[in-house]
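Text of target29.cif (mmCIF, C-alpha atoms) as supplied:
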```cif
data_final
loop_
_atom_site.label_atom_id
_atom_site.label_comp_id
_atom_site.auth_asym_id
_atom_site.auth_seq_id
_atom_site.Cartn_x
_atom_site.Cartn_y
_atom_site.Cartn_z
CA MET Z 21 24.61 131.34 -133.40
CA ARG Z 22 27.44 131.97 -135.81
CA LEU Z 23 28.14 128.26 -135.94
CA LEU Z 24 24.53 127.60 -136.85
CA THR Z 25 24.61 130.16 -139.68
CA ILE Z 26 27.75 128.62 -141.11
CA SER Z 27 26.30 125.14 -140.85
CA LEU Z 28 23.12 126.22 -142.57
CA SER Z 29 24.96 127.94 -145.38
CA ILE Z 30 27.12 124.86 -145.92
CA LEU Z 31 24.03 122.71 -145.99
CA ALA Z 32 22.34 125.11 -148.41
CA SER Z 33 25.32 125.14 -150.75
CA LEU Z 34 25.50 121.35 -150.60
CA ALA Z 35 21.83 121.14 -151.49
CA CYS Z 36 22.34 123.49 -154.44
CA THR Z 37 25.33 121.53 -155.72
CA THR Z 38 23.41 118.29 -155.46
CA GLN Z 39 20.49 119.73 -157.39
CA ALA Z 40 22.68 120.89 -160.24
CA GLN Z 41 24.43 117.57 -160.51
CA ALA Z 42 23.50 114.35 -162.09
CA GLU Z 43 21.87 111.77 -159.96
CA LEU Z 44 20.63 108.28 -160.55
CA TRP Z 45 17.03 107.63 -161.51
CA ALA Z 46 15.25 104.35 -162.05
CA PRO Z 47 11.78 103.38 -163.27
CA VAL Z 48 8.99 102.54 -160.83
CA ALA Z 49 8.04 99.11 -162.18
CA ALA Z 50 4.31 99.40 -161.53
CA ASP Z 51 4.04 102.63 -163.54
CA SER Z 52 6.46 101.86 -166.34
CA THR Z 53 6.04 99.92 -169.56
CA LEU Z 54 8.27 98.81 -172.37
CA SER Z 55 6.06 97.95 -175.30
CA PHE Z 56 6.36 97.49 -179.03
CA SER Z 57 4.13 97.57 -182.04
CA ALA Z 58 4.81 95.34 -185.02
CA GLU Z 59 2.97 94.37 -188.17
CA GLN Z 60 1.69 90.86 -188.70
CA GLN Z 61 -0.64 89.59 -191.42
CA GLY Z 62 -0.90 93.17 -192.59
CA ALA Z 63 -2.20 94.37 -189.22
CA ALA Z 64 -0.43 96.05 -186.31
CA PHE Z 65 -0.37 94.33 -182.93
CA GLU Z 66 1.13 95.35 -179.60
CA GLY Z 67 3.40 93.48 -177.23
CA LEU Z 68 5.27 94.09 -173.99
CA PHE Z 69 8.41 93.15 -172.14
CA ASN Z 70 7.28 92.63 -168.56
CA GLN Z 71 10.78 92.57 -167.06
CA PHE Z 72 13.38 95.24 -167.67
CA THR Z 73 15.63 97.49 -165.66
CA ALA Z 74 16.99 100.94 -166.46
CA THR Z 75 19.19 103.54 -164.88
CA PHE Z 76 19.33 107.19 -165.81
CA ASP Z 77 22.48 109.02 -164.73
CA MET Z 78 20.91 112.37 -165.29
CA ASP Z 79 20.40 115.94 -164.22
CA PRO Z 80 16.70 116.51 -165.01
CA ALA Z 81 17.48 120.18 -165.67
CA ASP Z 82 19.69 119.17 -168.58
CA PRO Z 83 18.91 115.72 -170.01
CA THR Z 84 21.48 116.20 -172.80
CA THR Z 85 24.20 115.24 -170.33
CA ALA Z 86 22.36 112.09 -169.27
CA HIS Z 87 23.56 108.55 -169.68
CA ILE Z 88 20.86 105.92 -170.00
CA GLU Z 89 21.28 102.19 -169.74
CA ALA Z 90 18.62 99.54 -169.87
CA THR Z 91 18.53 95.77 -169.76
CA ILE Z 92 15.59 93.81 -171.12
CA ASP Z 93 14.71 90.28 -170.06
CA MET Z 94 13.89 88.86 -173.49
CA ASP Z 95 12.08 85.86 -171.95
CA SER Z 96 9.51 88.26 -170.49
CA VAL Z 97 8.07 89.04 -173.93
CA ASP Z 98 4.30 89.14 -173.75
CA THR Z 99 2.19 89.61 -176.87
CA LEU Z 100 -0.98 88.52 -175.05
CA TYR Z 101 -0.97 85.27 -177.03
CA ASP Z 102 1.00 82.36 -175.57
CA GLU Z 103 1.75 80.60 -178.85
CA ARG Z 104 3.28 83.72 -180.34
CA ASP Z 105 5.31 84.35 -177.16
CA GLU Z 106 6.65 80.79 -177.35
CA ALA Z 107 7.58 81.30 -180.99
CA LEU Z 108 9.36 84.58 -180.23
CA ARG Z 109 11.59 82.82 -177.65
CA GLU Z 110 12.76 80.35 -180.30
CA PRO Z 111 16.15 80.56 -182.09
CA GLU Z 112 14.52 82.06 -185.18
CA TRP Z 113 13.48 85.14 -183.17
CA PHE Z 114 14.99 86.26 -179.86
CA ASP Z 115 16.72 82.94 -179.07
CA VAL Z 116 16.34 83.64 -175.36
CA GLU Z 117 18.37 80.61 -174.34
CA ARG Z 118 21.51 81.94 -176.01
CA PHE Z 119 20.68 85.65 -175.69
CA PRO Z 120 18.61 86.14 -172.55
CA GLU Z 121 19.16 89.89 -172.39
CA GLY Z 122 18.67 92.85 -174.64
CA ARG Z 123 20.66 95.97 -173.89
CA PHE Z 124 20.26 99.68 -174.54
CA VAL Z 125 23.07 102.18 -173.92
CA SER Z 126 22.80 105.85 -174.79
CA GLU Z 127 25.76 107.46 -176.54
CA ARG Z 128 24.72 111.06 -177.09
CA ILE Z 129 21.60 113.06 -176.28
CA GLN Z 130 20.56 116.22 -178.09
CA LYS Z 131 17.65 118.57 -177.90
CA ALA Z 132 15.11 117.88 -180.66
CA GLY Z 133 12.01 120.04 -180.97
CA SER Z 134 10.18 120.11 -177.66
CA GLY Z 135 11.93 116.93 -176.55
CA TYR Z 136 15.20 115.08 -176.97
CA MET Z 137 16.85 112.58 -179.24
CA ALA Z 138 19.12 109.89 -177.86
CA ASP Z 139 21.59 108.18 -180.17
CA ALA Z 140 22.12 104.81 -178.61
CA LEU Z 141 23.37 101.31 -179.15
CA LEU Z 142 20.81 98.55 -178.95
CA THR Z 143 21.86 94.94 -178.57
CA LEU Z 144 19.41 92.18 -179.44
CA ARG Z 145 20.67 88.62 -179.87
CA ASP Z 146 24.36 89.07 -180.79
CA ALA Z 147 23.82 92.19 -182.88
CA THR Z 148 24.59 95.70 -181.65
CA ARG Z 149 23.23 98.46 -183.86
CA PRO Z 150 22.79 102.21 -183.54
CA VAL Z 151 19.22 103.36 -182.91
CA ALA Z 152 17.61 106.73 -182.29
CA LEU Z 153 15.19 107.15 -179.41
CA SER Z 154 13.14 110.33 -179.29
CA PHE Z 155 11.79 111.20 -175.87
CA THR Z 156 10.17 113.79 -173.68
CA LEU Z 157 10.82 114.30 -170.00
CA GLU Z 158 8.37 115.93 -167.65
CA THR Z 159 8.88 116.75 -163.98
CA LEU Z 160 5.79 115.77 -162.03
CA PRO Z 161 4.47 117.79 -159.05
CA ASP Z 162 5.90 115.20 -156.64
CA GLY Z 163 9.39 115.62 -158.12
CA ARG Z 164 9.38 112.33 -159.98
CA LEU Z 165 9.81 112.28 -163.76
CA ARG Z 166 7.68 110.99 -166.61
CA PHE Z 167 9.73 109.70 -169.50
CA GLU Z 168 8.00 108.95 -172.81
CA GLY Z 169 10.19 107.61 -175.61
CA GLN Z 170 9.82 106.00 -179.00
CA SER Z 171 12.20 104.38 -181.45
CA ILE Z 172 11.59 102.70 -184.77
CA VAL Z 173 13.94 99.83 -185.46
CA SER Z 174 14.43 97.23 -188.16
CA ARG Z 175 14.09 93.73 -186.68
CA LEU Z 176 16.12 92.27 -189.57
CA GLU Z 177 19.15 94.41 -188.66
CA PHE Z 178 19.30 92.43 -185.43
CA GLY Z 179 18.60 89.04 -187.00
CA VAL Z 180 15.27 88.91 -185.18
CA GLY Z 181 13.24 86.69 -187.46
CA ASN Z 182 15.87 84.84 -189.44
CA GLY Z 183 15.65 81.99 -191.96
CA GLN Z 184 12.19 81.96 -193.53
CA TRP Z 185 11.20 84.99 -191.42
CA THR Z 186 13.46 87.35 -193.35
CA ASN Z 187 10.39 87.38 -195.60
CA THR Z 188 8.55 90.55 -194.56
CA ASP Z 189 5.28 89.88 -196.43
CA TRP Z 190 3.43 88.74 -193.31
CA VAL Z 191 5.65 89.98 -190.49
CA GLY Z 192 6.86 93.52 -191.12
CA ASP Z 193 10.49 94.56 -190.70
CA SER Z 194 9.76 97.82 -188.90
CA VAL Z 195 9.04 97.64 -185.18
CA THR Z 196 8.10 100.64 -183.07
CA ILE Z 197 9.43 100.48 -179.53
CA LYS Z 198 7.60 102.58 -176.97
CA VAL Z 199 8.98 103.38 -173.54
CA SER Z 200 6.83 104.94 -170.86
CA LEU Z 201 8.54 105.29 -167.50
CA LEU Z 202 7.89 106.85 -164.14
CA LEU Z 203 11.38 107.71 -162.81
CA GLU Z 204 12.33 108.23 -159.22
CA PRO Z 205 15.71 108.85 -157.62
CA THR Z 206 17.61 105.73 -156.73
CA LEU Z 207 20.88 104.89 -155.02
CA PRO Z 208 23.87 103.78 -157.06
CA MET Y 28 -35.40 92.85 -217.45
CA ALA Y 29 -33.38 89.69 -217.86
CA GLN Y 30 -35.32 87.79 -215.24
CA THR Y 31 -38.66 86.14 -215.00
CA ASP Y 32 -41.01 86.48 -212.07
CA ARG Y 33 -39.97 82.98 -210.98
CA GLN Y 34 -36.34 83.99 -210.70
CA TYR Y 35 -34.22 85.83 -208.22
CA THR Y 36 -33.02 89.20 -209.54
CA ALA Y 37 -29.57 89.31 -211.13
CA PRO Y 38 -27.94 91.05 -208.10
CA ALA Y 39 -29.50 88.48 -205.74
CA ARG Y 40 -28.09 85.65 -207.85
CA LEU Y 41 -24.70 87.35 -208.00
CA PHE Y 42 -24.61 87.77 -204.19
CA HIS Y 43 -25.64 84.14 -203.73
CA TRP Y 44 -22.98 82.66 -206.00
CA VAL Y 45 -20.20 84.96 -204.83
CA ILE Y 46 -20.88 83.92 -201.22
CA ALA Y 47 -21.23 80.25 -202.18
CA GLY Y 48 -17.93 80.37 -204.09
CA LEU Y 49 -16.11 82.13 -201.24
CA ILE Y 50 -17.43 79.63 -198.66
CA LEU Y 51 -16.33 76.72 -200.85
CA TYR Y 52 -12.89 78.29 -200.99
CA GLN Y 53 -12.74 78.98 -197.23
CA ILE Y 54 -13.29 75.37 -196.13
CA PRO Y 55 -10.23 73.75 -197.79
CA LEU Y 56 -8.20 76.91 -197.06
CA ALA Y 57 -9.03 76.49 -193.36
CA TYR Y 58 -7.72 72.91 -193.31
CA TYR Y 59 -4.68 73.85 -195.38
CA MET Y 60 -3.67 76.76 -193.14
CA MET Y 61 -4.21 74.81 -189.92
CA ALA Y 62 -1.96 72.02 -191.16
CA LEU Y 63 0.91 74.33 -192.12
CA PRO Y 64 3.85 74.65 -189.73
CA LEU Y 65 4.42 78.11 -188.28
CA SER Y 66 5.75 80.00 -191.30
CA PRO Y 67 5.15 83.12 -193.39
CA ASP Y 68 2.94 80.92 -195.61
CA LYS Y 69 0.77 80.06 -192.61
CA PHE Y 70 0.42 83.74 -191.74
CA GLY Y 71 -0.40 84.54 -195.37
CA SER Y 72 -3.07 81.82 -195.48
CA TYR Y 73 -4.64 83.02 -192.24
CA ALA Y 74 -4.59 86.59 -193.53
CA LEU Y 75 -6.36 85.46 -196.71
CA HIS Y 76 -8.90 83.37 -194.76
CA LYS Y 77 -9.72 86.38 -192.58
CA SER Y 78 -9.94 88.77 -195.51
CA ILE Y 79 -12.28 86.42 -197.39
CA GLY Y 80 -14.33 85.94 -194.21
CA MET Y 81 -14.80 89.67 -193.79
CA THR Y 82 -15.70 89.88 -197.49
CA ILE Y 83 -18.39 87.24 -196.95
CA PHE Y 84 -19.66 89.26 -194.00
CA THR Y 85 -19.87 92.45 -196.08
CA VAL Y 86 -21.44 90.82 -199.13
CA SER Y 87 -23.96 89.09 -196.84
CA ALA Y 88 -24.97 92.45 -195.40
CA ALA Y 89 -25.44 93.86 -198.90
CA ARG Y 90 -27.33 90.73 -199.87
CA LEU Y 91 -29.72 90.99 -196.94
CA ALA Y 92 -30.38 94.66 -197.73
CA TRP Y 93 -31.08 93.71 -201.35
CA ARG Y 94 -33.41 90.91 -200.26
CA TRP Y 95 -35.35 93.47 -198.25
CA LEU Y 96 -35.61 95.75 -201.31
CA ARG Y 97 -36.36 92.95 -203.79
CA PRO Y 98 -38.02 89.97 -202.08
CA PRO Y 99 -37.33 86.53 -203.52
CA PRO Y 100 -39.74 85.01 -206.06
CA PRO Y 101 -42.58 82.86 -204.67
CA LEU Y 102 -41.99 79.15 -204.23
CA PRO Y 103 -43.92 76.72 -206.45
CA VAL Y 104 -47.44 76.12 -205.14
CA SER Y 105 -46.76 72.39 -205.33
CA LEU Y 106 -44.54 72.58 -202.24
CA GLY Y 107 -46.05 71.41 -198.96
CA THR Y 108 -45.93 73.32 -195.67
CA ALA Y 109 -43.28 71.06 -194.12
CA THR Y 110 -40.99 71.45 -197.12
CA ARG Y 111 -41.46 75.22 -197.10
CA ARG Y 112 -40.70 75.33 -193.38
CA LEU Y 113 -37.59 73.18 -193.77
CA GLY Y 114 -36.42 75.38 -196.65
CA GLY Y 115 -37.08 78.55 -194.67
CA LEU Y 116 -35.22 77.15 -191.69
CA THR Y 117 -32.22 76.12 -193.80
CA HIS Y 118 -32.10 79.48 -195.54
CA GLY Y 119 -32.43 81.37 -192.27
CA LEU Y 120 -29.65 79.32 -190.72
CA LEU Y 121 -27.40 79.91 -193.74
CA TYR Y 122 -27.97 83.66 -193.53
CA CYS Y 123 -27.16 83.64 -189.82
CA LEU Y 124 -24.01 81.59 -190.36
CA THR Y 125 -22.67 83.86 -193.10
CA PHE Y 126 -22.68 86.58 -190.45
CA ALA Y 127 -21.84 84.54 -187.37
CA LEU Y 128 -18.78 82.73 -188.72
CA PRO Y 129 -16.88 85.85 -189.80
CA LEU Y 130 -17.95 87.65 -186.64
CA VAL Y 131 -16.80 84.87 -184.32
CA GLY Y 132 -13.58 84.58 -186.35
CA TRP Y 133 -13.00 88.31 -185.94
CA LEU Y 134 -13.72 88.02 -182.18
CA SER Y 135 -11.37 85.06 -181.93
CA SER Y 136 -8.58 86.95 -183.73
CA SER Y 137 -9.17 89.92 -181.45
CA ALA Y 138 -8.90 87.78 -178.33
CA ALA Y 139 -5.58 86.39 -179.60
CA ASN Y 140 -4.29 89.91 -180.29
CA PHE Y 141 -4.06 89.01 -183.98
CA PRO Y 142 -5.89 91.98 -185.49
CA VAL Y 143 -7.71 91.36 -188.77
CA SER Y 144 -6.61 93.20 -191.86
CA LEU Y 145 -8.78 93.37 -194.94
CA PHE Y 146 -6.36 92.33 -197.72
CA GLY Y 147 -3.75 94.61 -196.12
CA TRP Y 148 -5.80 97.66 -197.09
CA PHE Y 149 -6.81 98.51 -193.56
CA THR Y 150 -6.87 96.98 -190.11
CA LEU Y 151 -10.11 96.28 -188.32
CA PRO Y 152 -10.28 97.21 -184.65
CA ASN Y 153 -10.01 94.46 -182.04
CA LEU Y 154 -13.52 93.73 -180.77
CA VAL Y 155 -12.43 92.41 -177.38
CA ALA Y 156 -9.34 92.79 -175.22
CA PRO Y 157 -6.72 90.05 -175.68
CA ASP Y 158 -7.59 87.03 -173.53
CA GLY Y 159 -6.12 83.59 -174.11
CA ALA Y 160 -8.94 81.61 -172.47
CA LEU Y 161 -11.60 83.56 -174.33
CA HIS Y 162 -9.67 82.98 -177.57
CA GLU Y 163 -9.81 79.22 -177.06
CA ARG Y 164 -13.56 79.28 -176.49
CA LEU Y 165 -14.12 81.47 -179.54
CA GLU Y 166 -11.90 79.28 -181.68
CA LEU Y 167 -13.97 76.26 -180.65
CA ALA Y 168 -17.17 78.19 -181.41
CA HIS Y 169 -15.81 79.11 -184.84
CA ARG Y 170 -15.02 75.46 -185.50
CA LEU Y 171 -18.48 74.26 -184.39
CA LEU Y 172 -20.17 76.95 -186.47
CA ALA Y 173 -18.06 75.88 -189.44
CA TYR Y 174 -19.24 72.27 -189.04
CA THR Y 175 -22.82 73.53 -188.79
CA LEU Y 176 -22.31 75.60 -191.93
CA PHE Y 177 -20.86 72.64 -193.78
CA GLY Y 178 -23.84 70.50 -192.77
CA THR Y 179 -26.41 73.16 -193.64
CA PHE Y 180 -24.61 73.96 -196.88
CA SER Y 181 -24.76 70.27 -197.86
CA LEU Y 182 -28.46 70.04 -196.98
CA HIS Y 183 -29.09 73.20 -199.01
CA ALA Y 184 -27.17 71.92 -202.07
CA GLY Y 185 -28.81 68.49 -201.75
CA ALA Y 186 -32.23 70.11 -201.63
CA ALA Y 187 -31.43 72.16 -204.73
CA PHE Y 188 -30.60 68.99 -206.66
CA TYR Y 189 -33.69 67.26 -205.24
CA HIS Y 190 -35.88 70.13 -206.51
CA HIS Y 191 -34.18 70.09 -209.88
CA PHE Y 192 -33.88 66.39 -210.64
CA VAL Y 193 -36.66 64.81 -208.59
CA LEU Y 194 -39.38 67.42 -208.13
CA ARG Y 195 -38.45 69.26 -211.37
CA ASP Y 196 -40.15 72.38 -210.03
CA GLY Y 197 -37.70 75.06 -211.27
CA VAL Y 198 -36.53 76.04 -207.79
CA LEU Y 199 -32.85 75.58 -208.67
CA ARG Y 200 -33.27 77.45 -211.94
CA ALA Y 201 -34.60 80.45 -209.98
CA MET Y 202 -31.09 80.90 -208.63
CA LEU Y 203 -28.95 79.71 -211.54
CA PRO Y 204 -26.79 82.31 -213.27
CA PHE Y 205 -27.08 82.93 -217.02
CA THR Y 206 -30.64 81.68 -217.21
CA GLY Y 207 -32.33 85.04 -217.44
CA LYS Y 208 -33.84 84.54 -220.88
CA ARG Y 209 -35.51 81.27 -220.02
CA SER Y 210 -38.95 81.12 -218.61
#
```

Mind turning the file's structure into structure tokens?
Amino acid sequence: MRLLTISLSILASLACTTQAQAELWAPVAADSTLSFSAEQQGAAFEGLFNQFTATFDMDPADPTTAHIEATIDMDSVDTLYDERDEALREPEWFDVERFPEGRFVSERIQKAGSGYMADALLTLRDATRPVALSFTLETLPDGRLRFEGQSIVSRLEFGVGNGQWTNTDWVGDSVTIKVSLLLEPTLP
Amino acid sequence: MAQTDRQYTAPARLFHWVIAGLILYQIPLAYYMMALPLSPDKFGSYALHKSIGMTIFTVSAARLAWRWLRPPPPLPVSLGTATRRLGGLTHGLLYCLTFALPLVGWLSSSAANFPVSLFGWFTLPNLVAPDGALHERLELAHRLLAYTLFGTFSLHAGAAFYHHFVLRDGVLRAMLPFTGKRS
């Protein structure tokens, strides 16, 4: 009986420690999107990256201590128009042959209003630049997490759209990146 | 009033010539923009083509409303039934096309996820969800309608000259600008 009590208390304390510590979370692909909105011909259009991976080393109780990393398969760009997707893979834009991956690494996370702000480094092509991603995190009834984030970046800072495309009359410089993820615990 | 009872009203003439001028600009612009390599210029030309198209659509709507308020002058009594019918058919087709071409262009842009902006002032909503196969069909429809417009437009202009130089019945003058004082 005594042995059982001790075992239970050890188990309970282990459970508590685990809860308070960071664990690894990853997006559920079917319920997660990485999209962007850009301006073309004076009108906004939306696009997606169908393939990306992310890991959140995070204690959901305190996201400011989290570390987020994501890798984007640049070839998976999908603007729902094949010709434009082909063009975006070309050297003037993403140059997917030379730079197949985009990368996002968080550096510091702070509370901001009702959500959080992540200062991060984003790498597109061969350019790594600081970006700010604002996000909210919500714990769902089933224990999984809903992550909604947004960051406004300058495509020209990354050399996305070089040569004649540095002209921003018909393709705007500012691109809004939207991240909507369903996170579930994952193993390292 | 600066018009005679044989003439279209000044607003009707203005609508007519604005639309005619814009259509005449759209046709070479279409060939120019299609021939350009992918470039900011190409995007700019497409943006202009779409903006002018939506302008034609809007002016056509205003024109039709005006036509309802102020019906056109009667045709010369000398015209036979067949000629009247052919004229009515041509005019009806032209009206339809001034709506159909911009509309199908707008649909086609929507299907390609290339939203239409009116001169950069504001963006029109996409009419259909992006769909590559649908876009190709709509693009073909736009092209065929454009050929039909070009044909009908030529018939219409040819008929105007025929009325003016052969029949000499004043039909062209009814639509000419700056002829208000004449009778």

* To do: Identify every residue of chain Y that has at least one atom within 10 Å of any atom of chain Z, counting all atoms listed in the file, and report the result as a VMD selection string.
  => chain Y and resid 65 to 75 77 137 to 153 156 to 160 162

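The interatomic distance for the pair CA of Val104 (chain Y) and CA of Arg90 (chain Y) works out to 25.4 Å.
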
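Nearest to Ser171 (chain Z) of all the residues Z:Ala86, Z:Ala147, Z:Leu141, Z:Ile92 is Z:Leu141, counting all atoms listed in the file.
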
* To do: Show me as a ChimeraX atom specification the residues that reach within 12 Å of (15.7, 110.2, -181.8), counting all atoms listed in the file and using the file's own coordinates.
  => /Z:126-133,135-140,150-156,168-173,197

* List every protein, DNA or RNA residue with an atom no more than 10 Å from (20.9, 113.0, -165.4) in the file's coordinates, counting only C-alpha atoms, and format the result as a PyMOL selection string. => chain Z and resi 40-45+75-88

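Going from CA of Leu49 (chain Y) over to CA of Gly114 (chain Y), you cover 21.9 Å.
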
* Point-to-point distance in Å for CA of Asn182 (chain Z) and CA of Ser200 (chain Z) -> 28.8 Å
